[in-house]
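Below is model-v5.cif, holding mmCIF, C-alpha atoms.
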```cif
data_entry
#
loop_
_atom_site.label_atom_id
_atom_site.label_comp_id
_atom_site.auth_asym_id
_atom_site.auth_seq_id
_atom_site.Cartn_x
_atom_site.Cartn_y
_atom_site.Cartn_z
CA MET A 833 69.91 108.75 85.25
CA VAL A 834 69.80 110.37 88.69
CA GLY A 835 67.24 108.52 90.79
CA SER A 836 68.10 105.15 89.25
CA VAL A 837 70.28 102.72 91.17
CA ALA A 838 71.78 101.65 87.83
CA ALA A 839 73.42 105.09 87.72
CA ALA A 840 75.68 104.24 90.65
CA VAL A 841 79.30 103.22 90.12
CA VAL A 842 80.65 102.02 93.46
CA VAL A 843 84.45 102.12 93.64
CA PHE A 844 86.23 100.34 96.49
CA ASP A 845 89.76 100.55 97.70
CA PHE A 846 90.89 97.11 98.92
CA ASP A 847 93.32 97.21 101.86
CA ARG A 848 91.69 98.37 105.10
CA THR A 849 88.46 98.93 103.20
CA ILE A 850 87.23 95.62 101.80
CA ILE A 851 89.66 93.68 103.99
CA ASP A 852 90.45 94.89 107.49
CA ASP A 853 94.21 94.77 107.07
CA ASP A 854 96.93 95.44 104.49
CA SER A 855 97.36 92.42 102.18
CA ASP A 856 101.05 93.10 101.47
CA ARG A 857 101.97 93.59 105.11
CA TRP A 858 99.91 90.53 106.02
CA ILE A 859 102.09 88.35 103.78
CA VAL A 860 105.27 89.92 105.14
CA ALA A 861 104.24 89.34 108.77
CA GLU A 862 102.76 85.87 108.32
CA MET A 863 105.77 84.66 106.34
CA GLY A 864 108.28 86.00 108.86
CA LEU A 865 109.89 88.60 106.60
CA THR A 866 109.27 91.73 108.68
CA HIS A 867 112.98 92.26 109.33
CA LEU A 868 113.91 92.08 105.63
CA PHE A 869 110.94 94.27 104.73
CA ASN A 870 112.01 96.95 107.21
CA GLN A 871 115.61 96.78 105.98
CA LEU A 872 114.56 97.41 102.37
CA ARG A 873 111.56 99.73 102.94
CA GLN A 874 113.43 103.00 102.31
CA THR A 875 115.58 101.69 99.45
CA MET A 876 113.01 101.00 96.71
CA PRO A 877 109.44 101.77 95.64
CA TRP A 878 106.68 99.75 97.31
CA THR A 879 105.84 97.61 94.26
CA SER A 880 109.51 96.76 93.70
CA LEU A 881 109.81 95.93 97.39
CA MET A 882 106.91 93.48 97.23
CA ASP A 883 108.40 91.89 94.12
CA ARG A 884 111.63 91.45 96.08
CA ILE A 885 109.68 89.90 98.97
CA MET A 886 108.16 87.40 96.52
CA GLU A 887 111.67 86.56 95.31
CA GLU A 888 112.72 85.86 98.89
CA LEU A 889 109.69 83.65 99.48
CA HIS A 890 110.41 81.68 96.30
CA SER A 891 114.05 81.18 97.28
CA ASN A 892 112.84 79.78 100.61
CA GLY A 893 110.60 77.23 98.88
CA ILE A 894 107.34 79.10 99.49
CA THR A 895 105.00 78.47 96.55
CA THR A 896 102.12 80.57 95.22
CA ASP A 897 99.77 78.01 96.80
CA HIS A 898 101.33 78.74 100.19
CA ILE A 899 100.90 82.48 99.60
CA ALA A 900 97.28 81.98 98.57
CA GLU A 901 96.52 79.99 101.73
CA CYS A 902 98.10 82.76 103.77
CA LEU A 903 95.92 85.38 102.06
CA LYS A 904 92.74 83.42 102.73
CA ARG A 905 93.24 84.13 106.44
CA VAL A 906 93.12 87.94 106.00
CA PRO A 907 90.14 89.35 107.95
CA LEU A 908 87.18 90.24 105.75
CA HIS A 909 84.13 90.91 107.90
CA ALA A 910 80.66 89.56 107.14
CA PRO A 911 78.94 92.98 106.86
CA VAL A 912 81.39 94.00 104.11
CA VAL A 913 80.67 90.77 102.23
CA SER A 914 76.95 91.47 102.63
CA ALA A 915 77.34 95.10 101.47
CA ILE A 916 79.17 94.06 98.30
CA LYS A 917 76.68 91.33 97.42
CA SER A 918 73.70 93.59 98.15
CA ALA A 919 75.06 96.50 96.11
CA ARG A 920 75.69 94.20 93.17
CA ALA A 921 72.23 92.61 93.46
CA LEU A 922 70.68 96.08 93.44
CA GLY A 923 72.26 96.81 90.06
CA CYS A 924 75.32 98.88 90.95
CA ASP A 925 78.50 98.69 88.89
CA LEU A 926 81.20 97.67 91.38
CA ARG A 927 84.88 98.30 90.73
CA ILE A 928 88.15 98.18 92.66
CA ILE A 929 91.07 100.62 92.50
CA SER A 930 93.86 99.38 94.74
CA ASP A 931 97.58 99.69 95.24
CA ALA A 932 97.75 96.03 96.29
CA ASN A 933 98.16 93.46 93.48
CA LEU A 934 95.97 91.29 91.31
CA PHE A 935 97.05 87.97 92.81
CA SER A 936 96.18 89.01 96.36
CA ILE A 937 92.89 90.65 95.45
CA ARG A 938 91.65 87.82 93.22
CA THR A 939 92.66 85.18 95.77
CA ILE A 940 90.82 86.87 98.64
CA LEU A 941 87.71 87.79 96.65
CA GLU A 942 87.43 84.32 95.16
CA HIS A 943 87.80 82.75 98.60
CA HIS A 944 84.83 84.79 99.87
CA GLY A 945 82.69 84.33 96.77
CA LEU A 946 82.97 88.00 95.76
CA LEU A 947 85.08 87.97 92.60
CA GLY A 948 82.08 87.92 90.27
CA CYS A 949 80.56 90.99 91.94
CA PHE A 950 83.15 93.32 90.39
CA SER A 951 83.19 94.42 86.76
CA GLN A 952 86.77 95.70 86.92
CA ILE A 953 89.84 95.44 89.17
CA ASN A 954 92.44 98.17 88.70
CA THR A 955 95.63 97.26 90.57
CA ASN A 956 99.28 96.34 90.18
CA PRO A 957 99.59 93.34 87.82
CA ALA A 958 100.85 90.02 89.14
CA PHE A 959 101.90 86.86 87.31
CA VAL A 960 103.75 83.62 87.94
CA ASP A 961 106.95 83.37 85.90
CA LYS A 962 108.44 80.23 84.34
CA GLU A 963 110.35 79.53 87.56
CA GLY A 964 107.11 79.48 89.53
CA ARG A 965 107.85 82.76 91.29
CA LEU A 966 105.11 85.33 91.81
CA ARG A 967 106.05 88.64 90.18
CA ILE A 968 104.53 92.04 91.04
CA THR A 969 104.76 94.91 88.55
CA PRO A 970 103.57 98.55 88.70
CA PHE A 971 100.15 99.58 87.36
CA HIS A 972 101.79 102.59 85.70
CA ASP A 973 105.24 101.87 84.30
CA SER A 974 107.12 105.05 85.23
CA THR A 975 109.78 104.39 82.58
CA LEU A 976 107.29 104.06 79.71
CA SER A 977 104.25 106.13 80.67
CA PRO A 978 104.81 108.14 83.86
CA HIS A 979 101.80 109.94 85.27
CA PRO A 980 102.15 113.62 86.22
CA CYS A 981 100.16 113.56 89.47
CA PRO A 982 102.07 115.03 92.45
CA LEU A 983 99.66 113.47 94.97
CA CYS A 984 100.15 109.82 94.02
CA PRO A 985 102.99 107.28 94.08
CA SER A 986 104.75 106.63 90.77
CA ASN A 987 103.20 103.19 90.30
CA MET A 988 99.55 104.27 90.47
CA CYS A 989 97.43 107.41 90.22
CA LYS A 990 93.94 106.46 91.33
CA GLY A 991 92.55 109.80 90.17
CA LEU A 992 93.66 109.02 86.63
CA VAL A 993 91.83 105.69 86.87
CA ILE A 994 88.64 107.48 87.99
CA ASP A 995 88.91 109.73 84.94
CA GLN A 996 89.36 106.69 82.70
CA ILE A 997 86.35 104.93 84.21
CA ARG A 998 84.14 107.99 83.85
CA GLY A 999 85.30 108.50 80.26
CA SER A 1000 84.57 104.87 79.36
CA LEU A 1001 80.93 104.96 80.44
CA ALA A 1002 78.26 105.40 77.82
CA GLU A 1003 76.14 107.65 80.04
CA ASN A 1004 77.50 111.12 80.67
CA GLU A 1005 75.95 111.44 84.12
CA ARG A 1006 76.91 108.52 86.34
CA ILE A 1007 76.90 108.84 90.10
CA PHE A 1008 80.06 107.62 91.83
CA ILE A 1009 80.35 106.31 95.37
CA TYR A 1010 84.01 106.04 96.38
CA ILE A 1011 85.01 104.05 99.49
CA GLY A 1012 88.57 104.19 100.81
CA ASP A 1013 90.89 104.92 103.68
CA GLY A 1014 94.41 105.87 102.61
CA THR A 1015 96.44 108.79 101.34
CA GLY A 1016 96.27 107.35 97.82
CA ASP A 1017 92.47 107.68 97.92
CA TYR A 1018 92.62 111.47 98.22
CA CYS A 1019 93.40 112.14 94.55
CA PRO A 1020 90.38 110.17 93.27
CA THR A 1021 88.25 111.88 95.92
CA LEU A 1022 89.18 115.24 94.38
CA LYS A 1023 87.98 113.90 91.00
CA LEU A 1024 84.46 113.33 92.31
CA LYS A 1025 81.73 115.77 91.38
CA GLY A 1026 78.78 117.33 93.15
CA GLY A 1027 76.16 114.59 93.37
CA ASP A 1028 78.84 111.95 93.95
CA PHE A 1029 79.61 110.48 97.37
CA VAL A 1030 82.83 109.62 99.18
CA MET A 1031 83.00 107.27 102.15
CA PRO A 1032 86.32 107.74 104.02
CA ARG A 1033 87.18 105.46 106.93
CA LYS A 1034 87.07 107.61 110.04
CA ASN A 1035 90.43 108.62 111.58
CA TYR A 1036 92.37 107.15 108.66
CA PRO A 1037 94.54 109.25 106.27
CA LEU A 1038 91.82 109.92 103.68
CA TRP A 1039 89.41 111.13 106.36
CA ASN A 1040 92.12 113.36 107.82
CA ARG A 1041 92.95 114.88 104.42
CA ILE A 1042 89.29 115.59 103.64
CA HIS A 1043 88.66 117.20 107.02
CA SER A 1044 91.80 119.31 106.81
CA ASP A 1045 90.15 121.33 104.00
CA PRO A 1046 86.58 120.11 103.29
CA LYS A 1047 85.85 122.78 100.69
CA LEU A 1048 88.22 121.08 98.23
CA VAL A 1049 85.91 118.06 98.03
CA ALA A 1050 82.81 118.44 95.86
CA ALA A 1051 81.30 115.06 96.75
CA GLU A 1052 79.07 114.48 99.76
CA VAL A 1053 81.10 112.93 102.60
CA HIS A 1054 79.87 109.99 104.71
CA ASP A 1055 82.46 108.53 107.10
CA TRP A 1056 82.47 105.02 108.55
CA SER A 1057 84.48 103.07 111.11
CA SER A 1058 83.35 99.44 111.03
CA GLY A 1059 82.08 96.95 108.50
CA GLU A 1060 78.59 97.38 109.92
CA GLU A 1061 78.73 101.14 109.34
CA LEU A 1062 80.10 100.67 105.82
CA GLU A 1063 77.21 98.35 104.97
CA ASN A 1064 74.52 100.59 106.47
CA ILE A 1065 75.80 103.80 104.89
CA LEU A 1066 76.43 102.31 101.46
CA LEU A 1067 73.02 100.62 101.21
CA ASN A 1068 71.26 103.74 102.49
CA LEU A 1069 72.98 105.79 99.78
CA ILE A 1070 71.99 103.25 97.13
CA ASN A 1071 68.45 103.30 98.47
CA LYS A 1072 68.46 107.09 98.28
CA LEU A 1073 69.55 106.98 94.64
CA ALA A 1074 66.86 104.42 93.83
CA THR A 1075 64.10 106.52 95.39
CA PRO A 1076 62.47 109.44 93.53
CA PRO A 1077 63.42 112.78 95.17
CA GLN A 1078 59.82 113.61 96.17
CA MET A 1079 59.45 110.27 97.91
CA VAL A 1080 62.69 110.88 99.83
CA LYS A 1081 61.30 114.25 100.95
CA ASP A 1082 57.92 112.78 101.94
CA THR A 1083 59.41 109.86 103.90
CA HIS A 1084 62.49 111.46 105.42
CA SER A 1085 61.36 110.64 108.97
CA PHE A 1086 61.12 106.91 108.30
CA PRO A 1087 64.04 104.46 108.37
CA CYS A 1088 65.65 103.65 105.02
CA ARG A 1089 64.58 100.38 103.49
CA LEU A 1090 66.03 98.66 100.46
CA PRO A 1091 63.78 98.64 97.39
CA MET A 1092 62.21 95.31 96.51
CA LEU A 1093 64.16 93.34 93.90
#
```

Here is a file; write its structure as structure tokens.
Amino acid sequence: MVGSVAAAVVVFDFDRTIIDDDSDRWIVAEMGLTHLFNQLRQTMPWTSLMDRIMEELHSNGITTDHIAECLKRVPLHAPVVSAIKSARALGCDLRIISDANLFSIRTILEHHGLLGCFSQINTNPAFVDKEGRLRITPFHDSTLSPHPCPLCPSNMCKGLVIDQIRGSLAENERIFIYIGDGTGDYCPTLKLKGGDFVMPRKNYPLWNRIHSDPKLVAAEVHDWSSGEELENILLNLINKLATPPQMVKDTHSFPCRLPML
């Protein structure tokens, strides 16, 4: 299906990629728990730490509605919103793989009218217990089904998720575009094939890892810094995939334009 926009699976990280901040740290800072967070940071895994933060918020009378209102203030820039909506309208299959949590991601996406753009959200589960407290649990339960990846934290191997997505697709040849910024995005980047694309945020950990040894990455690399660059690069790649190769060759000197819907 190369040459068809429907072949493209666009996978986004969430923190510092879709939103221009870290959703967990945003809650910690906005709710005044930075001191407790720093005290506990080296004593437990990240997901357990955020579950403990939610316990503290609940004990202080902070409800899930308060947390949701806090999350709605996280910066999500207009060009990123536009990029997501445009990619979906052009027929791409949009997915998220994130080490945040489902409550935060759903709350923010819903607030910006983006939740329906994504066919799948892979992240740490979240639920409200009978006491009304928000609970955060690991995507991979290390006690029941530990993953063997040495590159990833115990709660989530994003590379394993990429393998699962690719294996679940009916078509054998699907083009992936992966957009991320962090160290945890390096493993899935290594899972990409020739013909795939990776979009690392410039001067962030993923970009640094890729540029430390570029030959390890089979995918074509396109870096970005701002929401405007993310939008332009992503839509140009989608346009490239939607355009027959000969036409790309014949019109290479002209600016990229989106195909008519």

For A:Asp995, please output as an mmCIF file with C-alpha atoms, in the coordinates of the input all residues within 8 Å (counting only C-alpha atoms; exclusion window: fewer than 4 positions along the same chain).
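Produced file result_32.cif, reproduced below:
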```cif
data_model
loop_
_atom_site.group_PDB
_atom_site.id
_atom_site.type_symbol
_atom_site.label_atom_id
_atom_site.label_comp_id
_atom_site.auth_asym_id
_atom_site.auth_seq_id
_atom_site.Cartn_x
_atom_site.Cartn_y
_atom_site.Cartn_z
ATOM 1 C CA GLY A 991 92.550 109.800 90.170
ATOM 2 C CA GLY A 999 85.300 108.500 80.260
ATOM 3 C CA LYS A 1023 87.980 113.900 91.000
#
```

Evaluate the PyMOL selection byres ((chain A and resi 854) around 12) here and jot the selected residues down as a list in words.
Asp845, Phe846, Asp847, Arg848, Thr849, Ile850, Ile851, Asp852, Asp853, Ser855, Asp856, Arg857, Trp858, Ile859, Val860, Ala861, Glu862, Leu903, Val906, Pro907, Leu908, Ser930, Asp931, Ala932, Asn933, Ser936, Ile937, Asp1013 and Gly1014 of chain A

Save out the residues we just selected, C-alpha atoms, as an mmCIF file, in the frame of the given file.
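Final output, saved to result26.cif:
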```
data_model
loop_
_atom_site.group_PDB
_atom_site.id
_atom_site.type_symbol
_atom_site.label_atom_id
_atom_site.label_comp_id
_atom_site.auth_asym_id
_atom_site.auth_seq_id
_atom_site.Cartn_x
_atom_site.Cartn_y
_atom_site.Cartn_z
ATOM 1 C CA ASP A 845 89.760 100.550 97.700
ATOM 2 C CA PHE A 846 90.890 97.110 98.920
ATOM 3 C CA ASP A 847 93.320 97.210 101.860
ATOM 4 C CA ARG A 848 91.690 98.370 105.100
ATOM 5 C CA THR A 849 88.460 98.930 103.200
ATOM 6 C CA ILE A 850 87.230 95.620 101.800
ATOM 7 C CA ILE A 851 89.660 93.680 103.990
ATOM 8 C CA ASP A 852 90.450 94.890 107.490
ATOM 9 C CA ASP A 853 94.210 94.770 107.070
ATOM 10 C CA SER A 855 97.360 92.420 102.180
ATOM 11 C CA ASP A 856 101.050 93.100 101.470
ATOM 12 C CA ARG A 857 101.970 93.590 105.110
ATOM 13 C CA TRP A 858 99.910 90.530 106.020
ATOM 14 C CA ILE A 859 102.090 88.350 103.780
ATOM 15 C CA VAL A 860 105.270 89.920 105.140
ATOM 16 C CA ALA A 861 104.240 89.340 108.770
ATOM 17 C CA GLU A 862 102.760 85.870 108.320
ATOM 18 C CA LEU A 903 95.920 85.380 102.060
ATOM 19 C CA VAL A 906 93.120 87.940 106.000
ATOM 20 C CA PRO A 907 90.140 89.350 107.950
ATOM 21 C CA LEU A 908 87.180 90.240 105.750
ATOM 22 C CA SER A 930 93.860 99.380 94.740
ATOM 23 C CA ASP A 931 97.580 99.690 95.240
ATOM 24 C CA ALA A 932 97.750 96.030 96.290
ATOM 25 C CA ASN A 933 98.160 93.460 93.480
ATOM 26 C CA SER A 936 96.180 89.010 96.360
ATOM 27 C CA ILE A 937 92.890 90.650 95.450
ATOM 28 C CA ASP A 1013 90.890 104.920 103.680
ATOM 29 C CA GLY A 1014 94.410 105.870 102.610
#
```

Evaluate the PyMOL selection byres ((chain A and resi 1049-1063) around 6) against this structure - the residues, as a ChimeraX atom specification, please.
/A:911-912,915,1022,1024-1026,1028-1034,1046-1048,1064-1066

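Taking atom CA of A:Arg1041 and atom CA of A:Gly1027 as the two end points, the separation is 20.1 Å.
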
Can you spell out as a compact mmCIF listing (two decimals) with C-alpha atoms, in the coordinates of the input the set of residues that the PyMOL selection byres ((chain A and resi 944) around 12) selects in the structure I just provided?
```txt
# COMPACT_ATOMS: atom_id res chain seq x y z
CA ILE A 850 87.23 95.62 101.80
CA ILE A 851 89.66 93.68 103.99
CA LEU A 903 95.92 85.38 102.06
CA LYS A 904 92.74 83.42 102.73
CA ARG A 905 93.24 84.13 106.44
CA VAL A 906 93.12 87.94 106.00
CA PRO A 907 90.14 89.35 107.95
CA LEU A 908 87.18 90.24 105.75
CA HIS A 909 84.13 90.91 107.90
CA ALA A 910 80.66 89.56 107.14
CA VAL A 912 81.39 94.00 104.11
CA VAL A 913 80.67 90.77 102.23
CA SER A 914 76.95 91.47 102.63
CA ILE A 916 79.17 94.06 98.30
CA LYS A 917 76.68 91.33 97.42
CA ILE A 937 92.89 90.65 95.45
CA ARG A 938 91.65 87.82 93.22
CA THR A 939 92.66 85.18 95.77
CA ILE A 940 90.82 86.87 98.64
CA LEU A 941 87.71 87.79 96.65
CA GLU A 942 87.43 84.32 95.16
CA HIS A 943 87.80 82.75 98.60
CA GLY A 945 82.69 84.33 96.77
CA LEU A 946 82.97 88.00 95.76
CA LEU A 947 85.08 87.97 92.60
CA GLY A 948 82.08 87.92 90.27
CA CYS A 949 80.56 90.99 91.94
```

Please report the interatomic distance between atom CA of A:Ser1044 and atom CA of A:Ile953 in Å with one decimal.
29.7 Å

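Taking atom CA of A:Gly1012 and atom CA of A:Lys1072 as endpoints, the distance between them is 20.5 Å.
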
Neighbouring residues of A:Met882 were defined as those with any atom within 8 Å, considering only C-alpha atoms; residues of the same chain fewer than 3 positions away were excluded. Please report them as a list of chain:residue names.
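Within the cut-off, the hits are A:Asp856, A:Trp878, A:Thr879, A:Ile885, A:Met886, A:Ile968.
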
Tell me which protein, DNA and RNA residues are within 10 Å of stretch 956-964 of chain A, counting only C-alpha atoms, leaving out same-chain ones fewer than 5 positions away, and put them as a PyMOL selection string.
chain A and resi 879+883+890+894-896+929-936+969-972+987-988

Could you check which of A:Cys1019, A:Leu966, A:Ile1011, A:Ala840 is closest to A:Leu983, using all atoms listed in the file?
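Comparing A:Cys1019, A:Leu966, A:Ile1011, A:Ala840 against A:Leu983, the winner is A:Cys1019.
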
Would you please work out which residue, of A:Ile1042, A:Ile1009, A:Ile928, A:Leu872, is nearest to A:Lys990 when using only C-alpha atoms?
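Among A:Ile1042, A:Ile1009, A:Ile928, A:Leu872, it is A:Ile928 that comes nearest to A:Lys990.
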
Given all atoms listed in the file as the counted atoms, nearest of A:Leu865, A:Cys984, A:Leu1038, A:Leu926 to A:Gln952:
A:Leu926

Missing atoms in stretch 1025-1042 of chain A: can you complete it with N, CA and C atoms, as a PDB file, keeping the file's coordinate frame?
```
ATOM      1  N   LYS A1025      82.512 114.582  91.685  1.00  0.00           N
ATOM      2  CA  LYS A1025      81.730 115.770  91.380  1.00  0.00           C
ATOM      3  C   LYS A1025      80.614 115.969  92.410  1.00  0.00           C
ATOM      4  N   GLY A1026      79.980 117.124  92.357  1.00  0.00           N
ATOM      5  CA  GLY A1026      78.780 117.330  93.150  1.00  0.00           C
ATOM      6  C   GLY A1026      77.739 116.307  92.720  1.00  0.00           C
ATOM      7  N   GLY A1027      77.078 115.685  93.690  1.00  0.00           N
ATOM      8  CA  GLY A1027      76.160 114.590  93.370  1.00  0.00           C
ATOM      9  C   GLY A1027      76.791 113.232  93.581  1.00  0.00           C
ATOM     10  N   ASP A1028      78.128 113.178  93.589  1.00  0.00           N
ATOM     11  CA  ASP A1028      78.840 111.950  93.950  1.00  0.00           C
ATOM     12  C   ASP A1028      78.962 111.857  95.463  1.00  0.00           C
ATOM     13  N   PHE A1029      79.438 110.707  95.937  1.00  0.00           N
ATOM     14  CA  PHE A1029      79.610 110.480  97.370  1.00  0.00           C
ATOM     15  C   PHE A1029      80.994 109.886  97.629  1.00  0.00           C
ATOM     16  N   VAL A1030      81.594 110.255  98.745  1.00  0.00           N
ATOM     17  CA  VAL A1030      82.830 109.620  99.180  1.00  0.00           C
ATOM     18  C   VAL A1030      82.639 109.116 100.599  1.00  0.00           C
ATOM     19  N   MET A1031      83.127 107.899 100.842  1.00  0.00           N
ATOM     20  CA  MET A1031      83.000 107.270 102.150  1.00  0.00           C
ATOM     21  C   MET A1031      84.403 106.991 102.709  1.00  0.00           C
ATOM     22  N   PRO A1032      84.990 107.955 103.418  1.00  0.00           N
ATOM     23  CA  PRO A1032      86.320 107.740 104.020  1.00  0.00           C
ATOM     24  C   PRO A1032      86.195 107.004 105.354  1.00  0.00           C
ATOM     25  N   ARG A1033      87.161 106.139 105.625  1.00  0.00           N
ATOM     26  CA  ARG A1033      87.180 105.460 106.930  1.00  0.00           C
ATOM     27  C   ARG A1033      87.638 106.458 107.994  1.00  0.00           C
ATOM     28  N   LYS A1034      86.839 106.578 109.036  1.00  0.00           N
ATOM     29  CA  LYS A1034      87.070 107.610 110.040  1.00  0.00           C
ATOM     30  C   LYS A1034      88.408 107.425 110.748  1.00  0.00           C
ATOM     31  N   ASN A1035      89.120 108.556 110.905  1.00  0.00           N
ATOM     32  CA  ASN A1035      90.430 108.620 111.580  1.00  0.00           C
ATOM     33  C   ASN A1035      91.544 107.911 110.819  1.00  0.00           C
ATOM     34  N   TYR A1036      91.326 107.659 109.539  1.00  0.00           N
ATOM     35  CA  TYR A1036      92.370 107.150 108.660  1.00  0.00           C
ATOM     36  C   TYR A1036      92.847 108.294 107.758  1.00  0.00           C
ATOM     37  N   PRO A1037      93.957 108.112 107.014  1.00  0.00           N
ATOM     38  CA  PRO A1037      94.540 109.250 106.270  1.00  0.00           C
ATOM     39  C   PRO A1037      93.596 109.962 105.317  1.00  0.00           C
ATOM     40  N   LEU A1038      92.745 109.243 104.590  1.00  0.00           N
ATOM     41  CA  LEU A1038      91.820 109.920 103.680  1.00  0.00           C
ATOM     42  C   LEU A1038      90.878 110.828 104.442  1.00  0.00           C
ATOM     43  N   TRP A1039      90.322 110.337 105.515  1.00  0.00           N
ATOM     44  CA  TRP A1039      89.410 111.130 106.360  1.00  0.00           C
ATOM     45  C   TRP A1039      90.116 112.383 106.875  1.00  0.00           C
ATOM     46  N   ASN A1040      91.361 112.216 107.313  1.00  0.00           N
ATOM     47  CA  ASN A1040      92.120 113.360 107.820  1.00  0.00           C
ATOM     48  C   ASN A1040      92.357 114.401 106.732  1.00  0.00           C
ATOM     49  N   ARG A1041      92.703 113.938 105.519  1.00  0.00           N
ATOM     50  CA  ARG A1041      92.950 114.880 104.420  1.00  0.00           C
ATOM     51  C   ARG A1041      91.675 115.637 104.046  1.00  0.00           C
ATOM     52  N   ILE A1042      90.564 114.935 103.985  1.00  0.00           N
ATOM     53  CA  ILE A1042      89.290 115.590 103.640  1.00  0.00           C
ATOM     54  C   ILE A1042      88.938 116.637 104.687  1.00  0.00           C
TER      55      ILE A1042
END
```
